[in-house]
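Here's the structure we're looking at; comments come further down.
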Amino acid sequence: MGEEILPFLDPLMGRLLAALQNSSRILKETCMSAIGSMASAAEQAFIPYAERVLELMKNFMVLTNDEDLRSRARATELVGMVAMSVGKTRMEPILPPYIEAAISGFGLEYSELREYTHG
């Protein structure tokens, strides 16, 4: 599917990233799922978007209020999908804060967050 999605990657990512920053919590969670699907399908072609997506996920991965934990879980899942898509070499130097955030999520007693952290 990677090649088939390439013509749609830039316009979709532009809209998804905009919606991710300026929408309701439910729409943000949907955008995270869609971006994860894009990353998985595009693989290495997702590299130009990875840094921006990961930067946005930092804000979600530190949320601790009960009503925000689903968003945190989606962000954790998305970081893993981006990491798989762009590869270990590119991700290894920037992963430590995301790993710390993921590990700290285990103390929040939210099963969906644990599930997405385990991948």
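Residue numbers start at 1 in each chain; chains themselves are named A, B, ... in the order of the structure tokens; ligands are numbered from 1 in the order shown.
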Who sits within 8 Å of range 13-18 of chain A, only C-alpha atoms, same chain under 4 positions skipped, as a ChimeraX atom specification: /A:9,22,31,34-35,49,53
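Distances here use only C-alpha atoms; by that measure, the residue among A:Met61, A:Leu108, A:Met38, A:Ile99 closest to Ala73 in chain A is A:Met61.
Straight-line separation from CA of Leu69 in chain A to CA of Ala83 in chain A: 21.1 Å.
The residue that comes closest to Ser85 in chain A, out of A:Gly36, A:Pro7, A:Pro97, A:Gly107 and on the basis of only C-alpha atoms, is A:Gly36.
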Sel. of alpha helix (DSSP H) residues, chain A, as a ChimeraX atom specification: /A:2-21,25-42,47-60,69-86,88-91,96-104,111-118
Near-Leu6 in chain A list (10 Å; only C-alpha atoms; drop same-chain fewer than 6 positions) as JSON, numbers by chain: {"A": [38, 41, 42, 45, 46]}
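Minimum atom-to-atom distance to Gln44 in chain A, evaluated using only C-alpha atoms, belongs to A:Glu3 out of A:Glu3, A:Glu109, A:Glu100, A:Glu92.
For the residues A:Phe106, A:Ser23, A:Thr117, A:Pro93, ranking by smallest atom-to-atom distance to Gly80 in chain A using only C-alpha atoms places A:Thr117 first.
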12 Å contact set for Asp66 in chain A, only C-alpha atoms, chain neighbours under 2 positions out, as a ChimeraX atom specification: /A:63-64,68-73,105,108-113
